[in-house]
Every structure is written in C-alpha cells, then in structure tokens.
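Visitor: One structure follows; several queries about it will come next.
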Amino acid sequence: MGSAQQLHLGVALDGAGQHPAAWRVSDVRPSALFTAAHYLAHAKLAEAASLDFVTLDDTLALQPGGEEVVRGRLDALLTFAAIAPVTSGIGLVPTVTTTHTEPFHISTAVASLDFASRGRAGVLAVPSRTEAEVAHFGRRTLPSEVDAEAENAEVVDVIARLWDSWEDGAIIRDEPTGRFIDREKLHYVDFEGRFFSIKGPSITPRPPQGHPVVAVYGDSPYAHGADVVLVDEIRGARERFSDAKLLAGLSIVLAETEQAAIDRRRALEAYAPFPPGPSFTGTPADLATELPRLAASNSLDGFHLRPAVLPDDLALFTAETVPALQAAGAFRQAYTGATLRDHLGLGVAANQYAEA
C-alpha cells in the first residue's frame, strides 16, 4: 500500500458551497458568508485533514444571477490574510483578478499574505473577461480572451520578478554601521513587456517561500509557467501541462449511501442546475476509491475539490474520504513540511537576480 501515488488535494471554500442553491439547504446562515469566521471554520476542517490548500473565488463584479443565488462576497486575499495567523498548516490560495490590478500591487499583497501565513500563501491568477468589470474602472475597453490570457501570463512573470527583487539576505540590521538593508541585494526589475513596464524593486522583502505558489486555470493557452494548473477538462491535460502540478476540478455530493447522495443531488437540482464540469455523487468510501483511479488513468497530481454544500460535503470528505485515502497510502498522514511549496513538493524557488 505504501507504493500508491500520493495525491495533492485542495478544496474550494466558496460561499455556502459550489451549488447555486447551497445556501437554501446549508446550516450556515447567509450573514455568516460575510465573516472571516465562516472561512476560518472550513479552513480548519481542511487543515485537520492535512489537505494541501484551500481556495476562495473572487471577481471584480457581482456573481451572475438573480435573487435566487448568493450575491456579494468578501475580498478573497484579505479574507485569507485575516485567517492566516490563526491557521498553521493549510495553504491559502485566494483568487486575484489580474486584468484591472497592477502586478506591483499583486506582488506585495501576496507577499504580505505569505508573511502573515509564515510561508503558506499562493495566488490563483485569473483574468477578467466581463464588461461589468471593465465598467467598474473605466480605464480601458474589454480585452479579447486571448489578450486577457496573455496579460495574465505577463502578470505571473512580473510578480515573480518583483518577489526576487530582494535577495533572501537583504535585511541585515547591522546596528554598528546603521544599515538595515544591504543595498547590493536589492535589484531593479527593469521589465518591459507588452502590457507593463516595471522598474522595481518591490517595497516588500522577498516572501518566506521565495515564490508563493502560483496557480492558473488550464483553459488558458498561456498557462505554462505556473506552479499549479487547475483543469476541468481532464482528458489530454497532462500532455499540455507537463511542467506543473496538475489538479482536476471535481464537484462532490456525498452521503453515507449512494442513494442518499443521489437524493441530495436531486434536491439541489430541483432548485437549479448543477454547475458544468466533472462531478462525483456517492459515498465518501467510493470517492476514496475513485480519486486514485482517476489520477492514475489521467496522469493527474491530485484534485481541486468543490463541495456542493458547506460544511456538509467538506465534513464528510475530511472525516471519511481522507482517512480511507491515508489507509490506502494515497495521502499524507500529516504535514511533513511548513510551507505550501513543501506540501506540493515544489522545492526551493531560485532567485533570478541573485548571483550563483
């Protein structure tokens, strides 16, 4: 059993759950969705199971839909910054919209989250493709899908350069000479790209991880260069993303019997259709059998799980599916490292400006 593939597992903590009607059946009160305590409680569930990371969705526009769906949200990065000091192991990967946000601001904000979490930060870099978001800023026209994705890739490049603009030993705090920093270990970025011109250095020292983990969605033609790629289209994904951790999105509806899980799904679908994308409906034990099979047959590194209803599906997953995976040797028994890069086996991030 010890030779089984070790899966990487992340979980989405979006609102009351992945399904649009989750708020109608969840025990979570709607007002709780706008508190950090809601996300902390679910992050703690994930942390107790030694999951790799949690994500929180974000956009710069209201969620689509009418009165029947949850609308409004907290800022994902700020919410994770609030819970970072009171978590200890779980990786924190907020969504950040790159189209209307300067890469300098993204780099410092994510670096600050990495300091607050003591090396557990990541960022899910996502471009904006809606007129509603453009209208909030009024500075530009809506970019084409290809241009938005190309800009997203340039942001990913630039933020890594800014993280590297301070070397690890730049802060020396030399009281006799009165020098707080070693100026020779700060570097200009001097980046000239298609979308940005960045001088640098950053105003924030190099993050504890060097590079916080960068994730993107795999529908982008420019997804290469990220540490983690999240895909919904599983077939053939490994051939396209050979140099990243590949995690498949999977919505889950769980219950103690298969029929009870089917009944739960039907009850949700009576309110609204299930969101598109891969999904699993069944028992926690059957899910524990299915995940390693799916990973092996598609060369996946793991899964980005989307509980249909919070906390119901996350609680069953962490209480029953994870122990079954651990018993089969397919998932860690406990955290063995301190950082998100450790959890994902990414190794130390080299500084592109430091001398060898």
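By order of appearance in the structure tokens: chains A, B, ..., then residues from 1 within every chain, and ligands from 1 in the order shown.
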Any idea what's packed within 10 Å of A:Phe180, counting only C-alpha atoms, ignoring anything in its chain fewer than 6 positions away? Could you give it as a list of chain:residue names?

Guide: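 Near neighbours after the sequence-gap exclusion: A:Ala170, A:Ile171, A:Ile172, A:Arg173, A:Asp174.
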
Visitor: Convert the current residue selection to file output with N, CA, C and O atoms, as a PDB file, in the first residue's frame.

Guide:
```
ATOM      1  N   ALA A 170      18.813  40.248   2.224  1.00  0.00           N
ATOM      2  CA  ALA A 170      18.876  41.703   2.042  1.00  0.00           C
ATOM      3  C   ALA A 170      18.743  42.463   3.355  1.00  0.00           C
ATOM      4  O   ALA A 170      19.317  43.539   3.527  1.00  0.00           O
ATOM      5  N   ILE A 171      17.983  41.946   4.305  1.00  0.00           N
ATOM      6  CA  ILE A 171      17.816  42.622   5.596  1.00  0.00           C
ATOM      7  C   ILE A 171      18.940  42.162   6.529  1.00  0.00           C
ATOM      8  O   ILE A 171      19.014  40.981   6.886  1.00  0.00           O
ATOM      9  N   ILE A 172      19.816  43.087   6.895  1.00  0.00           N
ATOM     10  CA  ILE A 172      20.979  42.718   7.704  1.00  0.00           C
ATOM     11  C   ILE A 172      20.921  43.303   9.115  1.00  0.00           C
ATOM     12  O   ILE A 172      21.563  42.809  10.024  1.00  0.00           O
ATOM     13  N   ARG A 173      20.210  44.409   9.295  1.00  0.00           N
ATOM     14  CA  ARG A 173      20.056  45.051  10.614  1.00  0.00           C
ATOM     15  C   ARG A 173      21.409  45.162  11.343  1.00  0.00           C
ATOM     16  O   ARG A 173      21.604  44.649  12.438  1.00  0.00           O
ATOM     17  N   ASP A 174      22.323  45.834  10.667  1.00  0.00           N
ATOM     18  CA  ASP A 174      23.679  45.998  11.208  1.00  0.00           C
ATOM     19  C   ASP A 174      23.726  47.283  12.037  1.00  0.00           C
ATOM     20  O   ASP A 174      23.939  48.384  11.513  1.00  0.00           O
TER      21      ASP A 174
END
```

Visitor: From the DSSP assignment of the backbone, select every residue of stretch 104-314 of chain A that is strand (DSSP E or B), and format the answer as a PDB file with C-alpha atoms, in the first residue's frame.

Guide:
```
ATOM      1  CA  ALA A 121       0.454  31.598   0.536  1.00  0.00           C
ATOM      2  CA  GLY A 122      -0.423  31.116  -3.073  1.00  0.00           C
ATOM      3  CA  VAL A 123      -2.357  33.036  -5.681  1.00  0.00           C
ATOM      4  CA  LEU A 124      -4.844  31.863  -8.285  1.00  0.00           C
ATOM      5  CA  ALA A 125      -4.235  34.379 -11.083  1.00  0.00           C
ATOM      6  CA  VAL A 126      -7.354  34.877 -13.206  1.00  0.00           C
ATOM      7  CA  TRP A 166      15.003  41.388  -2.768  1.00  0.00           C
ATOM      8  CA  ILE A 171      17.816  42.622   5.596  1.00  0.00           C
ATOM      9  CA  ILE A 172      20.979  42.718   7.704  1.00  0.00           C
ATOM     10  CA  ARG A 173      20.056  45.051  10.614  1.00  0.00           C
ATOM     11  CA  ASP A 174      23.679  45.998  11.208  1.00  0.00           C
ATOM     12  CA  ARG A 179      22.494  49.739   7.842  1.00  0.00           C
ATOM     13  CA  PHE A 180      19.123  47.966   7.939  1.00  0.00           C
ATOM     14  CA  ILE A 181      19.425  46.529   4.429  1.00  0.00           C
ATOM     15  CA  LEU A 186      18.080  44.824  -3.861  1.00  0.00           C
ATOM     16  CA  PHE A 191      10.813  44.827 -17.066  1.00  0.00           C
ATOM     17  CA  GLU A 192       9.476  45.951 -20.458  1.00  0.00           C
ATOM     18  CA  SER A 197       6.727  48.458 -17.744  1.00  0.00           C
ATOM     19  CA  ILE A 198       8.009  47.786 -14.217  1.00  0.00           C
ATOM     20  CA  VAL A 213       2.669  29.212  -5.217  1.00  0.00           C
ATOM     21  CA  VAL A 214       1.130  30.481  -8.471  1.00  0.00           C
ATOM     22  CA  ALA A 215      -1.929  28.667  -9.817  1.00  0.00           C
ATOM     23  CA  VAL A 216      -3.895  29.260 -13.016  1.00  0.00           C
ATOM     24  CA  TYR A 217      -6.834  27.624 -14.732  1.00  0.00           C
ATOM     25  CA  VAL A 228      -0.213  24.538 -10.329  1.00  0.00           C
ATOM     26  CA  VAL A 229      -2.719  24.219 -13.161  1.00  0.00           C
ATOM     27  CA  LEU A 230      -6.381  23.573 -12.340  1.00  0.00           C
ATOM     28  CA  VAL A 231      -8.313  21.820 -15.106  1.00  0.00           C
ATOM     29  CA  LYS A 245       1.290  20.151 -10.746  1.00  0.00           C
ATOM     30  CA  LEU A 246      -1.942  19.199 -12.479  1.00  0.00           C
ATOM     31  CA  LEU A 247      -5.093  19.147 -10.358  1.00  0.00           C
ATOM     32  CA  ALA A 248      -8.526  18.334 -11.738  1.00  0.00           C
ATOM     33  CA  GLY A 249     -11.587  20.213 -10.548  1.00  0.00           C
ATOM     34  CA  LEU A 250     -14.263  17.932  -9.108  1.00  0.00           C
ATOM     35  CA  SER A 251     -17.582  18.884  -7.519  1.00  0.00           C
ATOM     36  CA  ILE A 252     -18.670  16.445  -4.823  1.00  0.00           C
ATOM     37  CA  VAL A 253     -22.056  15.449  -3.383  1.00  0.00           C
ATOM     38  CA  LEU A 254     -21.583  12.927  -0.578  1.00  0.00           C
ATOM     39  CA  SER A 279     -18.645  15.857 -10.518  1.00  0.00           C
ATOM     40  CA  PHE A 280     -18.956  12.886  -8.184  1.00  0.00           C
ATOM     41  CA  THR A 281     -22.123  11.802  -6.398  1.00  0.00           C
ATOM     42  CA  GLY A 282     -21.822   8.908  -3.960  1.00  0.00           C
ATOM     43  CA  GLY A 302      -4.407  15.465  -7.482  1.00  0.00           C
ATOM     44  CA  PHE A 303      -7.722  17.261  -7.247  1.00  0.00           C
ATOM     45  CA  HIS A 304      -9.276  20.629  -6.549  1.00  0.00           C
ATOM     46  CA  LEU A 305     -12.489  19.603  -4.787  1.00  0.00           C
ATOM     47  CA  ARG A 306     -15.633  21.737  -4.780  1.00  0.00           C
ATOM     48  CA  PRO A 307     -18.064  20.702  -2.053  1.00  0.00           C
TER      49      PRO A 307
END
```

Visitor: Using only C-alpha atoms, which of A:Leu7, A:Leu310, A:Ala285, A:Ala267 sits nearest A:His38?

Guide: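 With only C-alpha atoms as the atom set, the closest residue is A:Leu310.
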
Visitor: Rounded to one decimal, what separation in Å do you get between atom CA of A:Pro30 and atom CA of A:Leu60?

Guide: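 Separation of atom CA of A:Pro30 and atom CA of A:Leu60: 20.7 Å.
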
Visitor: So that I can check the surroundings of A:Glu233, please list as JSON, numbers by chain every protein, DNA and RNA residue that reaches within 9 Å of it, counting only C-alpha atoms and ignoring chain neighbours fewer than 2 positions away.

Guide: {"A": [218, 219, 231, 235, 236, 237, 248, 249, 277, 278]}

Visitor: Write out, as a compact mmCIF listing (two decimals), in the first residue's frame, the residues just selected, with N, CA, C and O atoms.

Guide:
```
# COMPACT_ATOMS: atom_id res chain seq x y z
N GLY A 218 -6.53 25.88 -16.38
CA GLY A 218 -5.92 25.26 -17.54
C GLY A 218 -6.58 25.53 -18.86
O GLY A 218 -6.16 24.99 -19.89
N ASP A 219 -7.63 26.38 -18.90
CA ASP A 219 -8.24 26.71 -20.18
C ASP A 219 -7.47 27.82 -20.90
O ASP A 219 -7.84 28.23 -21.99
N VAL A 231 -7.61 22.14 -13.86
CA VAL A 231 -8.31 21.82 -15.11
C VAL A 231 -9.66 21.18 -14.82
O VAL A 231 -9.83 20.46 -13.84
N ARG A 235 -9.13 14.97 -19.87
CA ARG A 235 -8.52 14.16 -20.92
C ARG A 235 -7.47 14.98 -21.70
O ARG A 235 -7.76 16.06 -22.20
N GLY A 236 -6.28 14.46 -21.78
CA GLY A 236 -5.22 15.11 -22.54
C GLY A 236 -4.55 16.27 -21.84
O GLY A 236 -3.65 16.90 -22.41
N ALA A 237 -4.95 16.56 -20.60
CA ALA A 237 -4.39 17.73 -19.91
C ALA A 237 -2.90 17.56 -19.63
O ALA A 237 -2.13 18.51 -19.73
N ALA A 248 -7.24 18.30 -11.05
CA ALA A 248 -8.53 18.33 -11.74
C ALA A 248 -9.61 18.84 -10.80
O ALA A 248 -9.71 18.40 -9.65
N GLY A 249 -10.43 19.75 -11.31
CA GLY A 249 -11.59 20.21 -10.55
C GLY A 249 -12.64 19.13 -10.46
O GLY A 249 -12.91 18.43 -11.44
N GLY A 277 -19.08 20.85 -15.43
CA GLY A 277 -17.77 20.37 -15.01
C GLY A 277 -17.87 19.00 -14.38
O GLY A 277 -18.96 18.52 -14.03
N PRO A 278 -16.75 18.32 -14.20
CA PRO A 278 -16.74 16.98 -13.60
C PRO A 278 -17.33 17.00 -12.20
O PRO A 278 -17.13 17.95 -11.43
```

Visitor: For the atom pair atom CA of A:Asp301 and atom CA of A:Asp232, what is the interatomic distance in Å to one decimal place?

Guide: 13.7 Å
